[in-house]
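Engineer: Sharing protein-v6.tsv, TSV, C-alpha atoms:
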```tsv
chain	number	residue	atom	x	y	z
A	794	MET	CA	143.47	83.98	63.72
A	795	ASN	CA	140.57	84.29	61.28
A	796	TYR	CA	137.41	86.35	61.97
A	797	ARG	CA	135.27	83.35	62.92
A	798	ASN	CA	137.81	82.08	65.45
A	799	SER	CA	138.13	85.60	66.83
A	800	GLN	CA	134.37	85.72	67.41
A	801	SER	CA	134.48	82.36	69.18
A	802	TRP	CA	137.22	83.51	71.52
A	803	THR	CA	135.33	86.72	72.25
A	804	LYS	CA	132.21	84.77	73.19
A	805	LEU	CA	134.22	82.42	75.40
A	806	LEU	CA	135.87	85.30	77.23
A	807	LEU	CA	132.47	86.96	77.76
A	808	ILE	CA	131.04	83.76	79.26
A	809	LEU	CA	134.06	83.42	81.56
A	810	ALA	CA	133.69	87.05	82.66
A	811	LEU	CA	130.02	86.58	83.50
A	812	THR	CA	130.82	83.41	85.43
A	813	CYS	CA	133.41	85.25	87.51
A	814	LEU	CA	130.78	87.85	88.35
A	815	GLY	CA	128.49	85.08	89.56
A	816	TRP	CA	125.91	85.08	86.77
A	817	SER	CA	125.59	82.54	83.98
A	818	ALA	CA	123.15	82.62	81.11
A	819	ALA	CA	121.15	79.39	80.81
A	820	ARG	CA	119.41	80.66	77.69
A	821	ALA	CA	119.80	84.05	76.10
A	822	ASP	CA	117.86	86.77	77.92
A	823	ASP	CA	115.49	84.45	79.73
A	824	ALA	CA	117.45	82.95	82.62
A	825	TRP	CA	120.50	83.40	84.80
A	826	TYR	CA	121.89	81.65	87.83
A	827	THR	CA	124.55	82.06	90.48
A	828	PRO	CA	127.17	79.51	91.56
A	829	PRO	CA	125.92	76.69	93.84
A	830	ALA	CA	125.41	77.43	97.52
A	831	LYS	CA	127.91	76.34	100.15
A	832	SER	CA	126.43	73.98	102.73
A	833	SER	CA	127.70	75.97	105.72
A	834	GLY	CA	127.58	79.37	104.06
A	835	GLU	CA	125.65	82.31	105.46
A	836	ILE	CA	122.15	83.31	104.37
A	837	VAL	CA	121.42	87.02	104.55
A	838	LEU	CA	118.06	88.70	103.89
A	839	LYS	CA	117.80	92.49	104.18
A	840	VAL	CA	114.84	94.78	103.46
A	841	VAL	CA	114.69	98.51	102.79
A	842	MET	CA	111.75	100.75	101.90
A	843	VAL	CA	111.71	104.32	100.56
A	844	GLU	CA	108.81	106.72	99.96
A	845	ASP	CA	109.28	109.27	97.18
A	846	GLU	CA	108.45	112.53	98.92
A	847	ASP	CA	110.16	114.69	96.28
A	848	GLU	CA	108.42	113.25	93.19
A	849	ASN	CA	111.73	111.95	91.89
A	850	PRO	CA	111.50	108.20	91.17
A	851	ALA	CA	115.13	107.94	90.02
A	852	ALA	CA	116.38	109.48	93.25
A	853	ALA	CA	114.10	107.21	95.28
A	854	GLY	CA	115.44	104.16	93.47
A	855	LYS	CA	119.03	105.25	94.02
A	856	GLN	CA	118.35	105.96	97.69
A	857	ALA	CA	116.77	102.53	98.20
A	858	ALA	CA	119.62	100.78	96.41
A	859	LYS	CA	122.27	102.57	98.47
A	860	ALA	CA	120.37	101.75	101.67
A	861	LEU	CA	120.24	98.07	100.68
A	862	GLU	CA	123.93	98.09	99.79
A	863	LYS	CA	124.70	99.51	103.22
A	864	ALA	CA	122.42	97.02	104.97
A	865	MET	CA	124.14	94.08	103.25
A	866	GLY	CA	127.55	95.28	104.39
A	867	SER	CA	130.30	93.01	103.08
A	868	THR	CA	127.84	90.27	102.04
A	869	PRO	CA	127.58	90.03	98.24
A	870	LEU	CA	124.08	90.28	96.79
A	871	LYS	CA	122.77	87.29	94.84
A	872	ALA	CA	119.40	88.82	93.89
A	873	VAL	CA	117.25	91.88	94.56
A	874	ILE	CA	113.45	91.62	94.50
A	875	VAL	CA	111.58	94.87	93.88
A	876	SER	CA	108.07	95.82	95.03
A	877	GLU	CA	107.17	99.28	93.72
A	878	CYS	CA	104.07	101.42	93.44
A	879	PHE	CA	104.66	104.28	90.98
A	880	GLU	CA	102.23	105.49	88.33
A	881	ASP	CA	102.98	105.03	84.63
A	882	ARG	CA	105.81	103.28	82.82
A	883	GLN	CA	107.96	106.40	82.57
A	884	ASN	CA	108.18	106.78	86.35
A	885	LYS	CA	108.72	103.07	86.84
A	886	GLU	CA	111.61	103.05	84.39
A	887	LYS	CA	113.13	106.07	86.13
A	888	LEU	CA	112.89	104.16	89.40
A	889	LEU	CA	114.58	101.10	87.87
A	890	SER	CA	117.28	103.33	86.40
A	891	GLY	CA	117.98	104.73	89.86
A	892	ILE	CA	118.20	101.26	91.39
A	893	CYS	CA	120.45	99.98	88.63
A	894	SER	CA	122.77	102.98	88.89
A	895	VAL	CA	123.89	101.46	92.19
A	896	LEU	CA	123.19	97.72	91.92
A	897	PRO	CA	123.95	95.32	89.04
A	898	LYS	CA	120.93	95.36	86.74
A	899	GLU	CA	121.34	91.63	86.03
A	900	ILE	CA	120.12	90.73	89.53
A	901	VAL	CA	117.21	93.19	89.77
A	902	LEU	CA	113.85	91.35	89.65
A	903	GLY	CA	110.30	91.93	90.86
A	904	GLY	CA	107.02	93.51	89.94
A	905	ALA	CA	104.62	96.44	90.17
A	906	THR	CA	102.47	96.22	93.31
A	907	TYR	CA	99.90	98.25	95.23
A	908	GLY	CA	102.47	99.10	97.89
A	909	SER	CA	104.65	97.42	100.47
A	910	PHE	CA	105.03	96.79	104.17
A	911	THR	CA	108.08	96.08	106.30
A	912	GLN	CA	108.95	96.24	109.98
A	913	LYS	CA	109.02	100.03	109.58
A	914	GLY	CA	105.44	100.44	108.35
A	915	CYS	CA	103.09	100.37	105.34
A	916	THR	CA	103.23	102.35	102.09
A	917	ASP	CA	101.22	102.62	98.90
A	918	PHE	CA	101.74	105.20	96.14
A	919	ASP	CA	105.21	106.43	95.16
A	920	SER	CA	107.14	103.90	97.21
A	921	VAL	CA	109.68	101.16	96.62
A	922	CYS	CA	110.72	98.21	98.74
A	923	LEU	CA	113.79	96.06	98.06
A	924	LEU	CA	114.57	92.57	99.33
A	925	GLY	CA	118.24	91.74	99.20
A	926	ILE	CA	119.18	88.06	99.07
A	927	GLY	CA	122.83	87.31	99.72
A	928	GLY	CA	125.43	85.08	101.27
A	929	ASP	CA	127.27	82.03	99.97
A	930	GLY	CA	124.71	79.77	101.66
A	931	VAL	CA	122.06	80.56	99.05
A	932	ALA	CA	122.03	80.11	95.29
A	933	VAL	CA	119.61	81.77	92.87
A	934	ALA	CA	118.23	80.72	89.50
A	935	ALA	CA	116.04	83.37	87.88
A	936	GLY	CA	113.89	83.03	84.78
A	937	LEU	CA	111.62	85.10	82.58
A	938	VAL	CA	108.86	84.12	80.17
A	939	THR	CA	107.37	86.78	77.90
A	940	ASN	CA	104.39	87.03	75.55
A	941	LEU	CA	102.11	84.89	77.67
A	942	GLY	CA	99.21	86.05	75.51
A	943	THR	CA	96.74	86.55	78.35
A	944	ALA	CA	97.13	90.15	79.53
A	945	LYS	CA	94.26	91.42	77.38
A	946	LEU	CA	92.01	88.38	77.78
A	947	LEU	CA	89.03	88.48	80.13
A	948	PHE	CA	88.67	85.48	82.42
A	949	GLU	CA	84.92	85.38	81.94
A	950	ASP	CA	85.21	85.26	78.14
A	951	HIS	CA	88.46	83.38	77.49
A	952	ARG	CA	88.91	81.02	80.42
A	953	GLU	CA	89.98	77.96	78.41
A	954	LEU	CA	92.53	79.89	76.36
A	955	ILE	CA	93.91	81.59	79.49
A	956	GLU	CA	94.21	78.22	81.21
A	957	LYS	CA	96.09	76.70	78.27
A	958	ARG	CA	98.50	79.59	77.77
A	959	LEU	CA	99.34	80.17	81.43
A	960	ARG	CA	99.91	76.52	82.16
A	961	ALA	CA	102.29	76.42	79.20
A	962	GLY	CA	103.98	79.61	80.41
A	963	GLY	CA	104.42	78.28	83.92
A	964	GLU	CA	105.87	75.03	82.63
A	965	LYS	CA	108.28	76.90	80.36
A	966	LEU	CA	109.36	79.19	83.20
A	967	ALA	CA	110.11	76.32	85.57
A	968	ALA	CA	111.93	74.45	82.80
A	969	VAL	CA	114.50	77.21	82.17
A	970	LEU	CA	115.55	77.32	85.82
A	971	ARG	CA	118.62	75.31	86.77
A	972	LYS	CA	117.55	72.52	89.13
A	973	THR	CA	119.60	71.16	92.04
A	974	ASP	CA	119.06	68.70	94.86
A	975	ASN	CA	118.96	71.63	97.29
A	976	ASP	CA	116.14	73.66	95.71
A	977	GLN	CA	113.96	75.00	98.53
A	978	LEU	CA	111.59	77.72	97.28
A	979	LEU	CA	110.21	79.27	94.09
A	980	VAL	CA	109.12	82.91	94.26
A	981	LEU	CA	106.72	83.47	91.37
A	982	ILE	CA	105.83	86.99	90.15
A	983	PRO	CA	103.48	86.87	87.13
A	984	ASP	CA	101.41	89.37	85.18
A	985	ALA	CA	98.41	87.09	85.67
A	986	HIS	CA	96.09	88.43	88.34
A	987	SER	CA	93.75	86.18	90.31
A	988	PRO	CA	92.10	83.89	89.28
A	989	LYS	CA	94.40	83.60	86.26
A	990	SER	CA	97.39	82.98	88.53
A	991	GLN	CA	96.25	79.48	89.44
A	992	TYR	CA	97.04	78.18	85.96
A	993	MET	CA	100.53	79.66	86.04
A	994	VAL	CA	101.16	77.84	89.33
A	995	GLU	CA	99.87	74.58	87.87
A	996	GLY	CA	102.27	74.93	84.96
A	997	THR	CA	105.29	75.30	87.24
A	998	GLN	CA	104.13	72.31	89.28
A	999	LYS	CA	104.33	70.09	86.20
A	1000	VAL	CA	108.09	70.56	86.45
A	1001	LEU	CA	108.68	71.08	90.18
A	1002	GLY	CA	106.00	68.81	91.63
A	1003	ASN	CA	102.81	69.49	93.61
A	1004	GLN	CA	104.56	69.56	96.99
A	1005	PHE	CA	107.37	71.93	96.06
A	1006	PRO	CA	107.12	75.21	98.06
A	1007	ILE	CA	105.95	78.05	95.83
A	1008	THR	CA	105.02	81.54	96.97
A	1009	GLY	CA	104.67	84.93	95.32
A	1010	GLY	CA	102.24	87.54	94.12
A	1011	CYS	CA	100.78	88.92	90.90
A	1012	ALA	CA	101.66	92.30	89.45
A	1013	ASN	CA	99.29	95.25	89.84
A	1014	LYS	CA	96.37	94.64	87.45
A	1015	ASN	CA	95.44	98.29	86.84
A	1016	ALA	CA	95.77	99.50	83.26
A	1017	GLY	CA	99.31	100.60	82.49
A	1018	GLN	CA	100.76	99.15	85.69
A	1019	THR	CA	101.08	95.41	84.99
A	1020	PHE	CA	104.87	95.11	84.84
A	1021	VAL	CA	107.27	92.49	86.05
A	1022	TYR	CA	111.00	93.17	86.21
A	1023	PHE	CA	113.91	91.07	85.00
A	1024	ARG	CA	117.54	92.17	84.60
A	1025	GLY	CA	116.41	95.65	85.59
A	1026	LYS	CA	113.92	95.99	82.70
A	1027	ALA	CA	110.12	96.14	82.65
A	1028	HIS	CA	108.05	93.48	80.86
A	1029	GLU	CA	104.30	93.18	80.28
A	1030	ASP	CA	102.32	89.98	79.76
A	1031	SER	CA	105.23	88.11	81.35
A	1032	ALA	CA	106.26	86.19	84.46
A	1033	VAL	CA	109.40	86.02	86.59
A	1034	GLY	CA	110.50	83.06	88.68
A	1035	VAL	CA	113.19	83.11	91.39
A	1036	LEU	CA	114.35	79.68	92.55
A	1037	LEU	CA	116.29	79.66	95.83
A	1038	SER	CA	118.58	76.78	96.71
A	1039	GLY	CA	120.87	75.85	99.57
A	1040	ASN	CA	121.14	74.18	102.95
A	1041	PHE	CA	118.22	76.01	104.55
A	1042	LYS	CA	114.55	75.49	105.33
A	1043	VAL	CA	111.25	77.21	104.55
A	1044	SER	CA	107.85	77.18	106.21
A	1045	LEU	CA	104.71	78.37	104.39
A	1046	SER	CA	101.27	79.38	105.54
A	1047	GLY	CA	98.29	81.18	103.98
A	1048	ARG	CA	95.14	82.79	105.33
A	1049	MET	CA	92.05	84.27	103.67
A	1050	ALA	CA	89.78	87.09	104.90
A	1051	LYS	CA	87.45	89.78	103.50
A	1052	ASP	CA	86.58	92.04	106.43
A	1053	ASN	CA	88.46	94.29	108.83
A	1054	GLU	CA	88.48	91.99	111.85
A	1055	GLY	CA	89.10	88.91	109.74
A	1056	VAL	CA	92.06	90.47	107.94
A	1057	ILE	CA	93.72	91.38	111.24
A	1058	ARG	CA	93.04	88.02	112.86
A	1059	SER	CA	94.09	85.96	109.84
A	1060	ALA	CA	97.33	87.89	109.46
A	1061	ASN	CA	98.29	87.01	113.01
A	1062	GLU	CA	97.22	83.38	112.65
A	1063	GLY	CA	99.03	82.86	109.36
A	1064	ALA	CA	102.27	84.43	110.55
A	1065	ALA	CA	102.11	82.49	113.83
A	1066	GLU	CA	101.56	79.21	111.99
A	1067	ALA	CA	104.51	79.77	109.64
A	1068	MET	CA	106.74	80.60	112.61
A	1069	ALA	CA	105.52	77.65	114.69
A	1070	ASN	CA	106.16	75.20	111.86
A	1071	PHE	CA	109.67	76.50	111.26
A	1072	LYS	CA	112.26	74.44	113.12
A	1073	GLY	CA	115.40	76.50	113.27
A	1074	LYS	CA	116.59	80.11	113.29
A	1075	PRO	CA	114.67	82.38	110.87
A	1076	ALA	CA	116.63	84.71	108.60
A	1077	GLY	CA	113.57	86.56	107.30
A	1078	VAL	CA	109.90	86.47	106.33
A	1079	LEU	CA	108.22	87.02	102.96
A	1080	ALA	CA	104.57	88.10	102.94
A	1081	PHE	CA	102.56	88.39	99.74
A	1082	ASN	CA	99.31	90.09	100.66
A	1083	CYS	CA	96.10	90.92	98.81
A	1084	ALA	CA	95.42	94.56	98.00
A	1085	GLY	CA	91.73	93.75	98.47
A	1086	ARG	CA	92.41	92.72	102.07
A	1087	ARG	CA	94.08	96.05	102.69
A	1088	SER	CA	91.04	97.89	101.29
A	1089	LYS	CA	88.91	96.32	104.03
A	1090	LEU	CA	91.08	97.68	106.83
A	1091	LYS	CA	90.13	100.77	108.79
A	1092	ASN	CA	93.83	101.25	109.54
A	1093	PHE	CA	96.59	99.62	107.44
A	1094	GLN	CA	98.89	99.44	110.46
A	1095	ASP	CA	96.51	97.10	112.31
A	1096	GLU	CA	97.37	94.18	110.05
A	1097	LEU	CA	101.10	94.84	110.35
A	1098	ASP	CA	100.78	95.01	114.14
A	1099	ALA	CA	99.08	91.61	114.07
A	1100	ILE	CA	101.93	90.17	111.99
A	1101	GLN	CA	104.53	91.63	114.32
A	1102	LYS	CA	102.86	90.00	117.33
A	1103	ALA	CA	103.70	86.68	115.69
A	1104	ILE	CA	107.16	87.33	114.19
A	1105	GLY	CA	108.47	90.11	116.42
A	1106	LYS	CA	109.75	93.49	115.27
A	1107	GLN	CA	113.36	92.63	114.42
A	1108	LEU	CA	113.15	89.84	111.84
A	1109	PRO	CA	113.48	91.18	108.26
A	1110	LEU	CA	110.00	91.36	106.71
A	1111	PHE	CA	109.45	91.83	102.97
A	1112	GLY	CA	105.75	92.40	102.36
A	1113	CYS	CA	103.86	93.59	99.28
A	1114	TYR	CA	100.23	94.08	98.24
A	1115	CYS	CA	99.39	92.11	95.10
A	1116	ALA	CA	96.61	91.28	92.62
A	1117	GLY	CA	96.59	87.61	93.58
A	1118	GLU	CA	98.73	85.58	95.97
A	1119	ILE	CA	100.52	82.24	95.70
A	1120	GLY	CA	100.96	79.78	98.56
A	1121	PRO	CA	98.93	77.43	100.78
A	1122	VAL	CA	95.29	78.49	100.28
A	1123	ASP	CA	92.98	78.76	103.27
A	1124	SER	CA	89.70	78.33	101.39
A	1125	LEU	CA	88.30	74.78	101.61
A	1126	GLU	CA	86.82	75.20	98.13
A	1127	GLU	CA	90.25	75.93	96.65
A	1128	LYS	CA	92.36	73.39	98.52
A	1129	LYS	CA	93.46	70.35	96.57
A	1130	PRO	CA	94.74	67.13	98.20
A	1131	GLY	CA	98.46	66.61	97.76
A	1132	VAL	CA	99.07	70.16	96.50
A	1133	LEU	CA	100.97	72.61	98.72
A	1134	SER	CA	100.64	75.91	96.84
A	1135	ARG	CA	97.93	77.40	94.67
A	1136	GLY	CA	97.10	80.79	93.21
A	1137	SER	CA	94.23	82.70	94.78
A	1138	GLY	CA	92.91	86.05	95.97
A	1139	TRP	CA	92.02	87.57	99.34
A	1140	HIS	CA	94.96	85.79	100.98
A	1141	VAL	CA	98.13	86.72	102.80
A	1142	MET	CA	100.88	84.16	102.14
A	1143	PHE	CA	103.78	83.88	104.59
A	1144	THR	CA	107.14	82.19	104.05
A	1145	VAL	CA	109.75	81.91	106.80
A	1146	ILE	CA	113.30	81.29	105.54
A	1147	GLY	CA	116.24	80.25	107.69
A	1148	ARG	CA	118.38	77.43	108.98
```
Could you write out this structure as structure tokens?

Structural biologist:
Amino acid sequence: MNYRNSQSWTKLLLILALTCLGWSAARADDAWYTPPAKSSGEIVLKVVMVEDEDENPAAAGKQAAKALEKAMGSTPLKAVIVSECFEDRQNKEKLLSGICSVLPKEIVLGGATYGSFTQKGCTDFDSVCLLGIGGDGVAVAAGLVTNLGTAKLLFEDHRELIEKRLRAGGEKLAAVLRKTDNDQLLVLIPDAHSPKSQYMVEGTQKVLGNQFPITGGCANKNAGQTFVYFRGKAHEDSAVGVLLSGNFKVSLSGRMAKDNEGVIRSANEGAAEAMANFKGKPAGVLAFNCAGRRSKLKNFQDELDAIQKAIGKQLPLFGCYCAGEIGPVDSLEEKKPGVLSRGSGWHVMFTVIGR
């Protein structure tokens, strides 16, 4: 066998090995996907959250990953979505290293946030929250676009250029994802804080359609914190998309508020609406919330209590505080006929997933 044929066989064996593990590369370094979902297969969502009390991000990441592994039991993970709030890239990379020392780095996705909230409470600095997505009833296609070219542009000064580049980035991101007849939800995590995020959403809708369910939240916009995560690595000026497919349903709702009482009330109303519109048995709830909303609260726990009154205290809840939220907007000025999801601020966006 000559050298060229040897290389070909090596590449073929590598592709077969990745397929056996459940991941296939659609295009080098920018997309991967799992095998198709089974119609009657199980859908498992599990959430864990860890606060770093010992100033050891790597240990916190490892602890969270082990806790998620334990929570999933015998159910194989298809994807892990990270919400983390650590200062500086060095600490964030230590955290990712800890997570990926336990879990396959290929399936680790997410972004830097202002903190998280789950059924166990609310956190901000030095915390990590993991959403585990597993079961043979769900399939995942994940994509990454880099070099969006907008991270250093000011909306007030470069609006047209931002609009052009983010729409193109959103369209490219949606295009690299493998499409099926059972696609149900896109989770979008961009480095494109509100109001930039709207253009990224519009780009994905050119491929997926205006009525396709899209939710998500923008990475922390503070200097040095604007990272999204793909294959266990940090990327700036980039966006991650997670397309979930299978024989299941989703229900979306969004609410806007800018004062203490309004934040609490709208959280309850939004969660209640998403639950009421869901016809079936929920497997979990995603909640992408505005960090600005949290800043208006006298007590962070009050908003979580309001959410729990609507969804109960047992259903897995993956919540994170973002720099712009994606979902059904509540503002009449921002709503657009025939369009389900948009990018905005001051919202909490709920998604109920189940069968």

Engineer: Counting only C-alpha atoms, which of A:Asp976, A:Glu956, A:Glu1096, A:Glu844 gets nearest to Val994 in chain A?

Structural biologist: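 Nearest to Val994 in chain A: A:Glu956.
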
Engineer: Can you list, as an MDAnalysis selection string, every protein, DNA or RNA residue that comes within 9 Å of range 927-933 of chain A when you count all atoms listed in the file, leaving out same-chain residues fewer than 5 positions away?

Structural biologist: chainID A and resid 825:839 865 868:873 971 976 1035:1041

Engineer: Taking C-alpha atoms for each residue, export the selection above as a CSV table (one decimal), keeping the file's coordinate frame.

Structural biologist:
```csv
chain,number,residue,atom,x,y,z
A,825,TRP,CA,120.5,83.4,84.8
A,826,TYR,CA,121.9,81.6,87.8
A,827,THR,CA,124.6,82.1,90.5
A,828,PRO,CA,127.2,79.5,91.6
A,829,PRO,CA,125.9,76.7,93.8
A,830,ALA,CA,125.4,77.4,97.5
A,831,LYS,CA,127.9,76.3,100.2
A,832,SER,CA,126.4,74.0,102.7
A,833,SER,CA,127.7,76.0,105.7
A,834,GLY,CA,127.6,79.4,104.1
A,835,GLU,CA,125.6,82.3,105.5
A,836,ILE,CA,122.2,83.3,104.4
A,837,VAL,CA,121.4,87.0,104.6
A,838,LEU,CA,118.1,88.7,103.9
A,839,LYS,CA,117.8,92.5,104.2
A,865,MET,CA,124.1,94.1,103.2
A,868,THR,CA,127.8,90.3,102.0
A,869,PRO,CA,127.6,90.0,98.2
A,870,LEU,CA,124.1,90.3,96.8
A,871,LYS,CA,122.8,87.3,94.8
A,872,ALA,CA,119.4,88.8,93.9
A,873,VAL,CA,117.2,91.9,94.6
A,971,ARG,CA,118.6,75.3,86.8
A,976,ASP,CA,116.1,73.7,95.7
A,1035,VAL,CA,113.2,83.1,91.4
A,1036,LEU,CA,114.4,79.7,92.6
A,1037,LEU,CA,116.3,79.7,95.8
A,1038,SER,CA,118.6,76.8,96.7
A,1039,GLY,CA,120.9,75.8,99.6
A,1040,ASN,CA,121.1,74.2,103.0
A,1041,PHE,CA,118.2,76.0,104.6
```

Engineer: With only C-alpha atoms as the counted atoms, please give the residues lying no more than 9 Å from Lys1091 in chain A, apart from itself and same-chain residues fewer than 4 positions off, as JSON, numbers by chain.

Structural biologist: {"A": [1053, 1087, 1095]}

Engineer: Write the residues you've just listed into a file as a JSON list (two decimals), in the coordinates of the input, and include C-alpha atoms for each of them.

Structural biologist:
```
[["chain", "number", "residue", "atom", "x", "y", "z"],
["A", 1053, "ASN", "CA", 88.46, 94.29, 108.83],
["A", 1087, "ARG", "CA", 94.08, 96.05, 102.69],
["A", 1095, "ASP", "CA", 96.51, 97.10, 112.31]]
```

Engineer: For range 888-903 of chain A, please output as a PyMOL selection string all residues within 8 Å (counting all atoms listed in the file; exclusion window: fewer than 6 positions along the same chain).

Structural biologist: chain A and resi 850-859+862+871-876+982+1021-1026+1033

Engineer: So that I can check the surroundings of Asn1092 in chain A, please list as a list in words every protein, DNA and RNA residue that reaches within 12 Å of it, counting only C-alpha atoms and ignoring chain neighbours fewer than 2 positions away.

Structural biologist: Gly914, Cys915, Asn1053, Glu1054, Val1056, Ile1057, Arg1086, Arg1087, Ser1088, Lys1089, Leu1090, Gln1094, Asp1095, Glu1096, Leu1097, Asp1098 and Ala1099 of chain A

Engineer: Identify, on the basis of all atoms listed in the file, every residue whose closest approach to Thr943 in chain A does not exceed 10 Å; exclude the query and any residue fewer than 4 positions from it along the same chain; express the result as a VMD selection string.

Structural biologist: chain A and resid 947 to 948 951 to 952 954 to 959 984 to 985 989 1030 to 1031

Engineer: How would the residues just chosen look if you wrote them out with C-alpha atoms as an mmCIF file, in the frame of the given file?

Structural biologist:
```cif
data_model
loop_
_atom_site.group_PDB
_atom_site.id
_atom_site.type_symbol
_atom_site.label_atom_id
_atom_site.label_comp_id
_atom_site.auth_asym_id
_atom_site.auth_seq_id
_atom_site.Cartn_x
_atom_site.Cartn_y
_atom_site.Cartn_z
ATOM 1 C CA LEU A 947 89.030 88.480 80.130
ATOM 2 C CA PHE A 948 88.670 85.480 82.420
ATOM 3 C CA HIS A 951 88.460 83.380 77.490
ATOM 4 C CA ARG A 952 88.910 81.020 80.420
ATOM 5 C CA LEU A 954 92.530 79.890 76.360
ATOM 6 C CA ILE A 955 93.910 81.590 79.490
ATOM 7 C CA GLU A 956 94.210 78.220 81.210
ATOM 8 C CA LYS A 957 96.090 76.700 78.270
ATOM 9 C CA ARG A 958 98.500 79.590 77.770
ATOM 10 C CA LEU A 959 99.340 80.170 81.430
ATOM 11 C CA ASP A 984 101.410 89.370 85.180
ATOM 12 C CA ALA A 985 98.410 87.090 85.670
ATOM 13 C CA LYS A 989 94.400 83.600 86.260
ATOM 14 C CA ASP A 1030 102.320 89.980 79.760
ATOM 15 C CA SER A 1031 105.230 88.110 81.350
#
```

Engineer: I'd like to know which of A:Ala967, A:Ala824, A:Ala1012, A:Val840 is closest to Gly1077 in chain A, using only C-alpha atoms.

Structural biologist: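 Checking each of A:Ala967, A:Ala824, A:Ala1012, A:Val840 against Gly1077 in chain A, counting only C-alpha atoms, the winner is A:Val840.
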
Engineer: Please work out which residues fall within 12 Å of (103.6, 65.5, 91.3), coordinates as given in the file, with only C-alpha atoms counting, and return them as a ChimeraX atom specification.

Structural biologist: /A:995-1005,1130-1133

Engineer: Please produce a file of those selected residues containing C-alpha atoms, as a compact mmCIF listing (two decimals), in the coordinates of the input.

Structural biologist:
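The resulting result_34.txt:
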```
# COMPACT_ATOMS: atom_id res chain seq x y z
CA GLU A 995 99.87 74.58 87.87
CA GLY A 996 102.27 74.93 84.96
CA THR A 997 105.29 75.30 87.24
CA GLN A 998 104.13 72.31 89.28
CA LYS A 999 104.33 70.09 86.20
CA VAL A 1000 108.09 70.56 86.45
CA LEU A 1001 108.68 71.08 90.18
CA GLY A 1002 106.00 68.81 91.63
CA ASN A 1003 102.81 69.49 93.61
CA GLN A 1004 104.56 69.56 96.99
CA PHE A 1005 107.37 71.93 96.06
CA PRO A 1130 94.74 67.13 98.20
CA GLY A 1131 98.46 66.61 97.76
CA VAL A 1132 99.07 70.16 96.50
CA LEU A 1133 100.97 72.61 98.72
```

Engineer: For each of A:Lys1106, A:His986, A:His1028, A:Lys1074, take the minimum atom-to-atom distance to Gly1136 in chain A, counting all atoms listed in the file, then give the residue where this is smallest.

Structural biologist: A:His986

Engineer: Please, what is the axis-aligned box for every listed atom of range 918-937 of chain A with 4 Å on each side, as centre and edge lengths in Å to one decimal, as lines of an AutoDock Vina configuration file?

Structural biologist:
```
center_x = 114.5
center_y = 93.1
center_z = 92.1
size_x = 33.5
size_y = 34.7
size_z = 27.1
```

Engineer: Taking (109.0, 97.8, 110.2) in the file's own coordinates, collect the residues within 8 Å, counting all atoms listed in the file, and hand them back as number ranges by chain.

Structural biologist: A: 910-914, 1106-1107, 1110

Engineer: Would you mind telling me which residue in A:Ala1103, A:Ile1146, A:Ala1076, A:Ala1116 lies nearest to Ala1064 in chain A when using only C-alpha atoms?

Structural biologist: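 For Ala1064 in chain A, the nearest of the candidates is A:Ala1103.
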
Engineer: Measuring between all atoms listed in the file, which one of A:Gln1101, A:Ser909, A:Gln977, A:Ser1044 shows the shortest distance to Ala1060 in chain A?

Structural biologist: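 That would be A:Gln1101, the residue with the smallest distance to Ala1060 in chain A.
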
Engineer: So which one's closest to Gly1073 in chain A, A:Glu880, A:Leu979, A:Val1145, A:Thr906? Using all atoms listed in the file, please.

Structural biologist: A:Val1145

Engineer: What's the separation between CA of Ser1046 in chain A and CA of Asp974 in chain A, in Å to one decimal place?

Structural biologist: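 For CA of Ser1046 in chain A relative to CA of Asp974 in chain A, the distance reads 23.3 Å.
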
Engineer: At what distance in Å, to one decimal, does CA of Leu1079 in chain A lie from CA of Thr1019 in chain A?

Structural biologist: 21.1 Å

Engineer: Just to confirm, what's the straight-line distance from CA of Phe1111 in chain A to CA of Glu1126 in chain A in Å (one decimal)?

Structural biologist: 28.5 Å
